[in-house]
Structure formats: C-alpha cells, structure tokens
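Note: the block below is model.cif and it holds mmCIF, N, CA and C atoms.
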```cif
data_model
#
loop_
_atom_site.label_atom_id
_atom_site.label_comp_id
_atom_site.auth_asym_id
_atom_site.auth_seq_id
_atom_site.Cartn_x
_atom_site.Cartn_y
_atom_site.Cartn_z
N MET J 15 24.80 -26.43 38.20
CA MET J 15 23.47 -25.85 37.99
C MET J 15 23.57 -24.54 37.21
N LYS J 16 24.57 -23.69 37.57
CA LYS J 16 24.75 -22.43 36.87
C LYS J 16 25.06 -22.65 35.40
N LYS J 17 25.91 -23.66 35.15
CA LYS J 17 26.30 -23.95 33.78
C LYS J 17 25.09 -24.40 32.95
N LEU J 18 24.22 -25.22 33.52
CA LEU J 18 23.02 -25.68 32.84
C LEU J 18 22.10 -24.51 32.54
N THR J 19 21.95 -23.61 33.50
CA THR J 19 21.11 -22.43 33.31
C THR J 19 21.64 -21.57 32.17
N LEU J 20 22.95 -21.35 32.13
CA LEU J 20 23.55 -20.55 31.07
C LEU J 20 23.37 -21.21 29.70
N ILE J 21 23.48 -22.52 29.67
CA ILE J 21 23.30 -23.24 28.41
C ILE J 21 21.85 -23.08 27.94
N LEU J 22 20.89 -23.23 28.84
CA LEU J 22 19.48 -23.09 28.48
C LEU J 22 19.16 -21.68 28.00
N ILE J 23 19.70 -20.68 28.67
CA ILE J 23 19.49 -19.28 28.25
C ILE J 23 20.08 -19.07 26.87
N GLY J 24 21.29 -19.60 26.65
CA GLY J 24 21.93 -19.49 25.34
C GLY J 24 21.11 -20.14 24.24
N MET J 25 20.55 -21.30 24.53
CA MET J 25 19.73 -22.01 23.55
C MET J 25 18.47 -21.21 23.22
N LEU J 26 17.84 -20.64 24.22
CA LEU J 26 16.66 -19.81 23.99
C LEU J 26 17.01 -18.61 23.13
N PHE J 27 18.14 -17.98 23.41
CA PHE J 27 18.56 -16.82 22.64
C PHE J 27 18.82 -17.20 21.19
N MET J 28 19.48 -18.33 20.96
CA MET J 28 19.77 -18.77 19.59
C MET J 28 18.48 -19.09 18.85
N CYS J 29 17.54 -19.72 19.51
CA CYS J 29 16.26 -20.02 18.86
C CYS J 29 15.54 -18.74 18.48
N SER J 30 15.56 -17.78 19.38
CA SER J 30 14.92 -16.50 19.12
C SER J 30 15.54 -15.80 17.91
N CYS J 31 16.88 -15.83 17.83
CA CYS J 31 17.57 -15.21 16.71
C CYS J 31 17.25 -15.93 15.41
N GLN J 32 17.21 -17.25 15.47
CA GLN J 32 16.89 -18.02 14.26
C GLN J 32 15.47 -17.72 13.79
N ASP J 33 14.54 -17.58 14.71
CA ASP J 33 13.17 -17.26 14.32
C ASP J 33 13.11 -15.90 13.65
N ILE J 34 13.83 -14.94 14.18
CA ILE J 34 13.83 -13.60 13.58
C ILE J 34 14.49 -13.65 12.21
N GLU J 35 15.54 -14.43 12.07
CA GLU J 35 16.20 -14.58 10.77
C GLU J 35 15.26 -15.23 9.76
N LYS J 36 14.55 -16.28 10.17
CA LYS J 36 13.58 -16.93 9.28
C LYS J 36 12.49 -15.94 8.90
N SER J 37 12.02 -15.18 9.88
CA SER J 37 11.00 -14.19 9.64
C SER J 37 11.47 -13.18 8.60
N ARG J 38 12.70 -12.70 8.75
CA ARG J 38 13.26 -11.72 7.81
C ARG J 38 13.36 -12.30 6.41
N ASN J 39 13.75 -13.57 6.32
CA ASN J 39 13.86 -14.21 5.00
C ASN J 39 12.49 -14.27 4.31
N TYR J 40 11.46 -14.67 5.06
CA TYR J 40 10.11 -14.71 4.49
C TYR J 40 9.63 -13.30 4.13
N PHE J 41 9.95 -12.34 4.99
CA PHE J 41 9.59 -10.95 4.72
C PHE J 41 10.22 -10.49 3.40
N ASP J 42 11.51 -10.74 3.25
CA ASP J 42 12.21 -10.33 2.03
C ASP J 42 11.58 -10.97 0.79
N GLU J 43 11.23 -12.23 0.90
CA GLU J 43 10.59 -12.91 -0.22
C GLU J 43 9.21 -12.31 -0.50
N GLY J 44 8.49 -11.98 0.55
CA GLY J 44 7.17 -11.35 0.36
C GLY J 44 7.28 -10.01 -0.33
N VAL J 45 8.26 -9.21 0.05
CA VAL J 45 8.47 -7.91 -0.61
C VAL J 45 8.82 -8.14 -2.08
N ASN J 46 9.67 -9.13 -2.33
CA ASN J 46 10.04 -9.46 -3.71
C ASN J 46 8.80 -9.86 -4.52
N GLN J 47 7.96 -10.71 -3.94
CA GLN J 47 6.74 -11.15 -4.64
C GLN J 47 5.81 -9.96 -4.92
N MET J 48 5.66 -9.11 -3.93
CA MET J 48 4.70 -8.01 -4.03
C MET J 48 5.21 -6.90 -4.95
N MET J 49 6.44 -6.48 -4.73
CA MET J 49 6.95 -5.31 -5.43
C MET J 49 7.46 -5.63 -6.84
N ARG J 50 8.16 -6.71 -6.96
CA ARG J 50 8.78 -7.01 -8.25
C ARG J 50 7.88 -7.82 -9.18
N LYS J 51 7.11 -8.73 -8.59
CA LYS J 51 6.31 -9.63 -9.41
C LYS J 51 4.83 -9.28 -9.42
N GLY J 52 4.39 -8.46 -8.46
CA GLY J 52 2.98 -8.11 -8.39
C GLY J 52 2.09 -9.28 -7.99
N ASP J 53 2.68 -10.28 -7.36
CA ASP J 53 1.92 -11.46 -6.93
C ASP J 53 1.52 -11.28 -5.47
N PHE J 54 0.39 -10.65 -5.27
CA PHE J 54 -0.04 -10.29 -3.92
C PHE J 54 -0.46 -11.49 -3.09
N ALA J 55 -1.00 -12.51 -3.72
CA ALA J 55 -1.40 -13.72 -2.99
C ALA J 55 -0.16 -14.43 -2.43
N GLU J 56 0.88 -14.55 -3.23
CA GLU J 56 2.12 -15.19 -2.75
C GLU J 56 2.79 -14.33 -1.69
N ALA J 57 2.76 -13.02 -1.89
CA ALA J 57 3.34 -12.11 -0.90
C ALA J 57 2.63 -12.26 0.43
N GLU J 58 1.30 -12.34 0.39
CA GLU J 58 0.53 -12.51 1.62
C GLU J 58 0.94 -13.80 2.34
N LYS J 59 1.14 -14.87 1.59
CA LYS J 59 1.58 -16.14 2.20
C LYS J 59 2.95 -16.00 2.85
N ASP J 60 3.87 -15.32 2.16
CA ASP J 60 5.21 -15.13 2.73
C ASP J 60 5.16 -14.29 4.00
N PHE J 61 4.36 -13.23 3.98
CA PHE J 61 4.25 -12.39 5.17
C PHE J 61 3.62 -13.17 6.33
N SER J 62 2.66 -14.05 6.02
CA SER J 62 2.06 -14.89 7.06
C SER J 62 3.09 -15.83 7.67
N LYS J 63 3.96 -16.38 6.83
CA LYS J 63 5.04 -17.24 7.34
C LYS J 63 6.00 -16.43 8.21
N ALA J 64 6.28 -15.22 7.80
CA ALA J 64 7.17 -14.35 8.58
C ALA J 64 6.56 -14.08 9.95
N ILE J 65 5.26 -13.83 9.98
CA ILE J 65 4.56 -13.54 11.24
C ILE J 65 4.60 -14.76 12.16
N LYS J 66 4.52 -15.96 11.60
CA LYS J 66 4.60 -17.17 12.43
C LYS J 66 5.90 -17.21 13.23
N HIS J 67 6.96 -16.66 12.68
CA HIS J 67 8.27 -16.69 13.32
C HIS J 67 8.56 -15.45 14.16
N ASN J 68 7.75 -14.41 13.99
CA ASN J 68 7.97 -13.17 14.76
C ASN J 68 6.66 -12.39 14.83
N LYS J 69 5.91 -12.64 15.86
CA LYS J 69 4.58 -12.03 16.01
C LYS J 69 4.64 -10.59 16.56
N LYS J 70 5.84 -10.10 16.86
CA LYS J 70 5.96 -8.79 17.51
C LYS J 70 6.43 -7.68 16.58
N ASP J 71 6.61 -7.97 15.30
CA ASP J 71 7.10 -6.97 14.37
C ASP J 71 5.92 -6.33 13.63
N PRO J 72 5.65 -5.06 13.89
CA PRO J 72 4.49 -4.41 13.25
C PRO J 72 4.62 -4.33 11.73
N GLU J 73 5.85 -4.25 11.25
CA GLU J 73 6.09 -4.15 9.81
C GLU J 73 5.56 -5.37 9.06
N LEU J 74 5.63 -6.53 9.69
CA LEU J 74 5.15 -7.75 9.04
C LEU J 74 3.64 -7.69 8.82
N TYR J 75 2.92 -7.24 9.83
CA TYR J 75 1.46 -7.10 9.71
C TYR J 75 1.11 -6.02 8.69
N TYR J 76 1.88 -4.93 8.73
CA TYR J 76 1.64 -3.82 7.81
C TYR J 76 1.78 -4.29 6.36
N TYR J 77 2.85 -4.99 6.07
CA TYR J 77 3.08 -5.43 4.70
C TYR J 77 2.08 -6.51 4.27
N ARG J 78 1.68 -7.37 5.20
CA ARG J 78 0.65 -8.35 4.83
C ARG J 78 -0.65 -7.63 4.51
N ALA J 79 -0.96 -6.59 5.29
CA ALA J 79 -2.15 -5.80 5.01
C ALA J 79 -2.03 -5.11 3.65
N CYS J 80 -0.85 -4.62 3.33
CA CYS J 80 -0.64 -3.98 2.02
C CYS J 80 -0.86 -4.97 0.89
N ALA J 81 -0.40 -6.20 1.06
CA ALA J 81 -0.62 -7.23 0.04
C ALA J 81 -2.12 -7.47 -0.14
N LYS J 82 -2.84 -7.54 0.97
CA LYS J 82 -4.30 -7.74 0.91
C LYS J 82 -4.97 -6.53 0.26
N PHE J 83 -4.53 -5.34 0.63
CA PHE J 83 -5.09 -4.11 0.05
C PHE J 83 -4.89 -4.11 -1.46
N ASN J 84 -3.67 -4.41 -1.89
CA ASN J 84 -3.37 -4.40 -3.33
C ASN J 84 -4.14 -5.46 -4.09
N ALA J 85 -4.55 -6.50 -3.40
CA ALA J 85 -5.39 -7.53 -4.01
C ALA J 85 -6.88 -7.17 -3.90
N LYS J 86 -7.13 -5.94 -3.44
CA LYS J 86 -8.49 -5.41 -3.26
C LYS J 86 -9.31 -6.18 -2.23
N LYS J 87 -8.61 -6.78 -1.27
CA LYS J 87 -9.27 -7.48 -0.16
C LYS J 87 -9.26 -6.51 1.04
N TYR J 88 -9.99 -5.42 0.88
CA TYR J 88 -9.94 -4.32 1.83
C TYR J 88 -10.37 -4.73 3.24
N GLN J 89 -11.48 -5.42 3.35
CA GLN J 89 -11.98 -5.83 4.66
C GLN J 89 -10.97 -6.73 5.38
N GLU J 90 -10.30 -7.58 4.63
CA GLU J 90 -9.31 -8.48 5.23
C GLU J 90 -8.03 -7.74 5.65
N ALA J 91 -7.75 -6.62 5.01
CA ALA J 91 -6.54 -5.86 5.32
C ALA J 91 -6.67 -5.12 6.66
N ILE J 92 -7.86 -4.72 7.01
CA ILE J 92 -8.08 -3.88 8.20
C ILE J 92 -7.49 -4.49 9.47
N PRO J 93 -7.77 -5.76 9.82
CA PRO J 93 -7.22 -6.30 11.08
C PRO J 93 -5.69 -6.28 11.12
N ASP J 94 -5.04 -6.47 9.98
CA ASP J 94 -3.58 -6.43 9.97
C ASP J 94 -3.05 -5.02 10.18
N PHE J 95 -3.67 -4.03 9.55
CA PHE J 95 -3.26 -2.65 9.81
C PHE J 95 -3.48 -2.32 11.29
N GLU J 96 -4.62 -2.76 11.83
CA GLU J 96 -4.91 -2.51 13.25
C GLU J 96 -3.91 -3.21 14.17
N LYS J 97 -3.48 -4.41 13.81
CA LYS J 97 -2.50 -5.13 14.61
C LYS J 97 -1.15 -4.41 14.58
N ALA J 98 -0.77 -3.89 13.44
CA ALA J 98 0.47 -3.12 13.34
C ALA J 98 0.42 -1.91 14.28
N ILE J 99 -0.73 -1.26 14.33
CA ILE J 99 -0.91 -0.10 15.21
C ILE J 99 -0.94 -0.52 16.67
N GLU J 100 -1.54 -1.67 16.95
CA GLU J 100 -1.56 -2.17 18.33
C GLU J 100 -0.13 -2.37 18.84
N ILE J 101 0.72 -2.91 18.00
CA ILE J 101 2.11 -3.15 18.38
C ILE J 101 2.90 -1.85 18.43
N LYS J 102 2.63 -0.95 17.49
CA LYS J 102 3.36 0.32 17.40
C LYS J 102 2.33 1.45 17.27
N PRO J 103 1.86 1.97 18.38
CA PRO J 103 0.75 2.94 18.35
C PRO J 103 1.00 4.23 17.57
N ASP J 104 2.23 4.55 17.27
CA ASP J 104 2.52 5.77 16.51
C ASP J 104 2.90 5.48 15.05
N TYR J 105 2.44 4.37 14.51
CA TYR J 105 2.79 3.92 13.17
C TYR J 105 1.97 4.71 12.13
N ALA J 106 2.51 5.86 11.73
CA ALA J 106 1.80 6.79 10.85
C ALA J 106 1.39 6.15 9.53
N ASP J 107 2.26 5.35 8.94
CA ASP J 107 1.92 4.73 7.65
C ASP J 107 0.75 3.76 7.77
N ALA J 108 0.66 3.07 8.89
CA ALA J 108 -0.47 2.15 9.09
C ALA J 108 -1.78 2.93 9.23
N TYR J 109 -1.73 4.06 9.95
CA TYR J 109 -2.93 4.90 10.05
C TYR J 109 -3.32 5.42 8.66
N PHE J 110 -2.34 5.89 7.91
CA PHE J 110 -2.61 6.40 6.57
C PHE J 110 -3.23 5.31 5.69
N SER J 111 -2.67 4.12 5.74
CA SER J 111 -3.17 3.02 4.92
C SER J 111 -4.57 2.59 5.33
N LEU J 112 -4.85 2.68 6.61
CA LEU J 112 -6.24 2.41 7.05
C LEU J 112 -7.17 3.47 6.48
N GLY J 113 -6.73 4.72 6.49
CA GLY J 113 -7.53 5.78 5.88
C GLY J 113 -7.79 5.51 4.42
N ARG J 114 -6.78 5.11 3.72
CA ARG J 114 -6.91 4.79 2.30
C ARG J 114 -7.84 3.60 2.09
N THR J 115 -7.72 2.59 2.96
CA THR J 115 -8.58 1.41 2.86
C THR J 115 -10.04 1.80 3.03
N TYR J 116 -10.32 2.58 4.07
CA TYR J 116 -11.71 3.01 4.28
C TYR J 116 -12.19 3.91 3.16
N SER J 117 -11.31 4.70 2.58
CA SER J 117 -11.68 5.53 1.44
C SER J 117 -12.11 4.65 0.26
N CYS J 118 -11.38 3.58 0.01
CA CYS J 118 -11.73 2.64 -1.06
C CYS J 118 -13.06 1.94 -0.78
N MET J 119 -13.40 1.85 0.49
CA MET J 119 -14.66 1.22 0.89
C MET J 119 -15.79 2.26 1.01
N HIS J 120 -15.49 3.50 0.63
CA HIS J 120 -16.45 4.61 0.63
C HIS J 120 -16.97 4.94 2.03
N ASN J 121 -16.10 4.84 3.01
CA ASN J 121 -16.45 5.20 4.38
C ASN J 121 -15.63 6.43 4.75
N SER J 122 -16.17 7.61 4.45
CA SER J 122 -15.41 8.85 4.62
C SER J 122 -15.17 9.19 6.09
N ASP J 123 -16.08 8.84 6.98
CA ASP J 123 -15.87 9.13 8.40
C ASP J 123 -14.64 8.40 8.94
N MET J 124 -14.55 7.11 8.67
CA MET J 124 -13.40 6.34 9.14
C MET J 124 -12.13 6.75 8.41
N SER J 125 -12.27 7.03 7.13
CA SER J 125 -11.13 7.47 6.35
C SER J 125 -10.54 8.75 6.93
N CYS J 126 -11.40 9.72 7.21
CA CYS J 126 -10.94 10.99 7.79
C CYS J 126 -10.29 10.77 9.15
N TYR J 127 -10.88 9.92 9.96
CA TYR J 127 -10.31 9.65 11.28
C TYR J 127 -8.88 9.15 11.15
N TYR J 128 -8.66 8.17 10.29
CA TYR J 128 -7.33 7.59 10.17
C TYR J 128 -6.34 8.53 9.47
N TYR J 129 -6.81 9.33 8.52
CA TYR J 129 -5.92 10.33 7.93
C TYR J 129 -5.47 11.34 8.99
N LYS J 130 -6.39 11.73 9.85
CA LYS J 130 -6.04 12.67 10.93
C LYS J 130 -5.02 12.04 11.89
N MET J 131 -5.20 10.76 12.19
CA MET J 131 -4.24 10.07 13.07
C MET J 131 -2.87 9.97 12.38
N ALA J 132 -2.87 9.72 11.10
CA ALA J 132 -1.60 9.64 10.36
C ALA J 132 -0.88 10.99 10.42
N GLU J 133 -1.65 12.06 10.25
CA GLU J 133 -1.05 13.40 10.34
C GLU J 133 -0.53 13.66 11.74
N LYS J 134 -1.29 13.28 12.74
CA LYS J 134 -0.87 13.46 14.14
C LYS J 134 0.48 12.79 14.40
N TYR J 135 0.70 11.63 13.80
CA TYR J 135 1.93 10.88 14.05
C TYR J 135 3.02 11.15 13.01
N GLY J 136 2.83 12.21 12.22
CA GLY J 136 3.92 12.68 11.39
C GLY J 136 3.86 12.38 9.91
N ARG J 137 2.79 11.83 9.42
CA ARG J 137 2.68 11.60 7.98
C ARG J 137 2.48 12.95 7.29
N PRO J 138 3.36 13.33 6.38
CA PRO J 138 3.26 14.64 5.74
C PRO J 138 2.30 14.66 4.55
N ASN J 139 1.98 15.86 4.10
CA ASN J 139 1.25 16.10 2.85
C ASN J 139 -0.14 15.49 2.79
N LEU J 140 -0.90 15.64 3.84
CA LEU J 140 -2.26 15.10 3.86
C LEU J 140 -3.32 16.18 3.65
N HIS J 141 -2.89 17.39 3.36
CA HIS J 141 -3.83 18.51 3.26
C HIS J 141 -4.97 18.25 2.27
N ASP J 142 -4.66 17.74 1.09
CA ASP J 142 -5.71 17.47 0.10
C ASP J 142 -6.69 16.41 0.58
N LEU J 143 -6.20 15.40 1.29
CA LEU J 143 -7.08 14.35 1.77
C LEU J 143 -7.93 14.83 2.95
N LEU J 144 -7.40 15.77 3.72
CA LEU J 144 -8.12 16.24 4.91
C LEU J 144 -9.04 17.42 4.64
N LYS J 145 -8.94 18.05 3.48
CA LYS J 145 -9.72 19.27 3.25
C LYS J 145 -11.23 19.03 3.27
N ASN J 146 -11.69 17.82 3.01
CA ASN J 146 -13.13 17.51 3.03
C ASN J 146 -13.55 16.84 4.34
N CYS J 147 -12.63 16.76 5.30
CA CYS J 147 -12.96 16.14 6.57
C CYS J 147 -13.48 17.20 7.56
N PRO J 148 -14.40 16.77 8.42
CA PRO J 148 -14.92 17.73 9.42
C PRO J 148 -13.90 18.05 10.49
#
```
Please lay out the structure from this file as structure tokens.
Amino acid sequence: MKKLTLILIGMLFMCSCQDIEKSRNYFDEGVNQMMRKGDFAEAEKDFSKAIKHNKKDPELYYYRACAKFNAKKYQEAIPDFEKAIEIKPDYADAYFSLGRTYSCMHNSDMSCYYYKMAEKYGRPNLHDLLKNCP
C-alpha cells in the first residue's frame, strides 16, 4: 500500500512539473510573438495556452493583459491585470499597467488609484503621473 501511495504521489508531481514546463514553453512563445514580432493576437493565444497549464502564475495573466493592452483591447485587459493582482497582491507592475489602461480609457480617478497602488508597492518614478491626482 505504501509503495502504491508513493507511486501515485510521484505521478502527480511529474504531471505538475510537466504542466509547468508546458506553460513556460507557451509563455516563451507568447513573449516571442509579442516582443519580437508584434503579433499581439498570437501572443494572447500563447499566454492563454500557458494559463491552461498553470492557473497560479500571475505573470501569465499579466502578460496576456499586456498583449490585449497593446492590441488596444483595454476593457478586455482589465480582468487579467486584476487576476494577476488577486494572485500576487503586491504586483506593482500590474497596478501600474491598470493605471495606464484606465488612463487610455480616459478614467483619471481609476488611473490615479492604480498609480498610487503601484507606488505603494514599489514602482518608482511615478511623480509625473501622480502630480495631477488628488
């Protein structure tokens, strides 16, 4: 019985590692699509595939949101930035990017809120963006 339990635990661990490896491969391809080729739609698909294999990595949601943002799909980017923050509540870059997203949508109240949160969690050099905030 002990041997069977150890085998099952080992199999679960291997599956988990393989999923993370698959996720990383899709992530790498998404970064390649987004950064090198400027193909934000393909990058978004790759990041979605990465998320299917690892739903707990905030970076995957963040980068998918960035692909959507760069494709000017601002409203669609918001839930992914928020999910990244839900997983990692001190994710300064996600707060900053939400601020930028709301700024592009001409919502200065929300933009200021997220810029302030980004500053709180360590994002530097926000003075110019915050000078018009209450």
- Item | Given only N, CA and C atoms as the counted atoms, nearest of J:Ala64, J:Ala57, J:Ala106, J:Ala81 to Lys36 (chain J) |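 That would be J:Ala64, the residue with the smallest distance to Lys36 (chain J).
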- Could you give me, as a PyMOL selection string, each residue of chain J that DSSP assigns to alpha helix (DSSP H) when run on this structure's backbone? chain J and resi 16-45+54-67+72-84+88-101+106-118+122-134+141-144
- Message: Expand the PyMOL selection byres (((chain J and resi 76 and name CA) around 9) and name CA) into the explicit residue set it covers here, and present it as a list in words.
- Response: Pro72, Glu73, Leu74, Tyr75, Tyr77, Arg78, Ala79, Cys80, Ala81, Ala91, Asp94, Phe95, Glu96, Lys97, Ala98, Ile99, Asp107, Ala108 and Ser111 of chain J
Filtering to N, CA and C atoms, could you give me those residues as an mmCIF file, in the frame of the given file?
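Output below, filename selection-v9.cif:
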```cif
data_model
loop_
_atom_site.group_PDB
_atom_site.id
_atom_site.type_symbol
_atom_site.label_atom_id
_atom_site.label_comp_id
_atom_site.auth_asym_id
_atom_site.auth_seq_id
_atom_site.Cartn_x
_atom_site.Cartn_y
_atom_site.Cartn_z
ATOM 1 N N PRO J 72 5.650 -5.060 13.890
ATOM 2 C CA PRO J 72 4.490 -4.410 13.250
ATOM 3 C C PRO J 72 4.620 -4.330 11.730
ATOM 4 N N GLU J 73 5.850 -4.250 11.250
ATOM 5 C CA GLU J 73 6.090 -4.150 9.810
ATOM 6 C C GLU J 73 5.560 -5.370 9.060
ATOM 7 N N LEU J 74 5.630 -6.530 9.690
ATOM 8 C CA LEU J 74 5.150 -7.750 9.040
ATOM 9 C C LEU J 74 3.640 -7.690 8.820
ATOM 10 N N TYR J 75 2.920 -7.240 9.830
ATOM 11 C CA TYR J 75 1.460 -7.100 9.710
ATOM 12 C C TYR J 75 1.110 -6.020 8.690
ATOM 13 N N TYR J 77 2.850 -4.990 6.070
ATOM 14 C CA TYR J 77 3.080 -5.430 4.700
ATOM 15 C C TYR J 77 2.080 -6.510 4.270
ATOM 16 N N ARG J 78 1.680 -7.370 5.200
ATOM 17 C CA ARG J 78 0.650 -8.350 4.830
ATOM 18 C C ARG J 78 -0.650 -7.630 4.510
ATOM 19 N N ALA J 79 -0.960 -6.590 5.290
ATOM 20 C CA ALA J 79 -2.150 -5.800 5.010
ATOM 21 C C ALA J 79 -2.030 -5.110 3.650
ATOM 22 N N CYS J 80 -0.850 -4.620 3.330
ATOM 23 C CA CYS J 80 -0.640 -3.980 2.020
ATOM 24 C C CYS J 80 -0.860 -4.970 0.890
ATOM 25 N N ALA J 81 -0.400 -6.200 1.060
ATOM 26 C CA ALA J 81 -0.620 -7.230 0.040
ATOM 27 C C ALA J 81 -2.120 -7.470 -0.140
ATOM 28 N N ALA J 91 -7.750 -6.620 5.010
ATOM 29 C CA ALA J 91 -6.540 -5.860 5.320
ATOM 30 C C ALA J 91 -6.670 -5.120 6.660
ATOM 31 N N ASP J 94 -5.040 -6.470 9.980
ATOM 32 C CA ASP J 94 -3.580 -6.430 9.970
ATOM 33 C C ASP J 94 -3.050 -5.020 10.180
ATOM 34 N N PHE J 95 -3.670 -4.030 9.550
ATOM 35 C CA PHE J 95 -3.260 -2.650 9.810
ATOM 36 C C PHE J 95 -3.480 -2.320 11.290
ATOM 37 N N GLU J 96 -4.620 -2.760 11.830
ATOM 38 C CA GLU J 96 -4.910 -2.510 13.250
ATOM 39 C C GLU J 96 -3.910 -3.210 14.170
ATOM 40 N N LYS J 97 -3.480 -4.410 13.810
ATOM 41 C CA LYS J 97 -2.500 -5.130 14.610
ATOM 42 C C LYS J 97 -1.150 -4.410 14.580
ATOM 43 N N ALA J 98 -0.770 -3.890 13.440
ATOM 44 C CA ALA J 98 0.470 -3.120 13.340
ATOM 45 C C ALA J 98 0.420 -1.910 14.280
ATOM 46 N N ILE J 99 -0.730 -1.260 14.330
ATOM 47 C CA ILE J 99 -0.910 -0.100 15.210
ATOM 48 C C ILE J 99 -0.940 -0.520 16.670
ATOM 49 N N ASP J 107 2.260 5.350 8.940
ATOM 50 C CA ASP J 107 1.920 4.730 7.650
ATOM 51 C C ASP J 107 0.750 3.760 7.770
ATOM 52 N N ALA J 108 0.660 3.070 8.890
ATOM 53 C CA ALA J 108 -0.470 2.150 9.090
ATOM 54 C C ALA J 108 -1.780 2.930 9.230
ATOM 55 N N SER J 111 -2.670 4.120 5.740
ATOM 56 C CA SER J 111 -3.170 3.020 4.920
ATOM 57 C C SER J 111 -4.570 2.590 5.330
#
```
- So how many Å separate CA of Asp123 (chain J) and CA of Asp104 (chain J), to one decimal? 20.4 Å
- Item | atom N of Met131 (chain J) to CA of Glu100 (chain J), distance in Å rounded to a single decimal | 14.8 Å
- Query: region 50-55 of chain J: which residues within 8 Å, counting all atoms listed in the file, same-chain residues fewer than 6 positions away excluded, as a VMD selection string?
  - Reply: chain J and resid 44 61 80 to 82 84 to 85
- Note on the structure: One decimal place gives the CA of Met119 (chain J)-CA of Tyr88 (chain J) separation as 7.3 Å
- Task: Check the smallest atom-to-atom distance from each of J:Asp142, J:Glu90, J:Asp60, J:Asp33 to Val45 (chain J) using all atoms listed in the file, then report the winner.
- Result: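 Counting all atoms listed in the file, the residue closest to Val45 (chain J) is J:Asp60.
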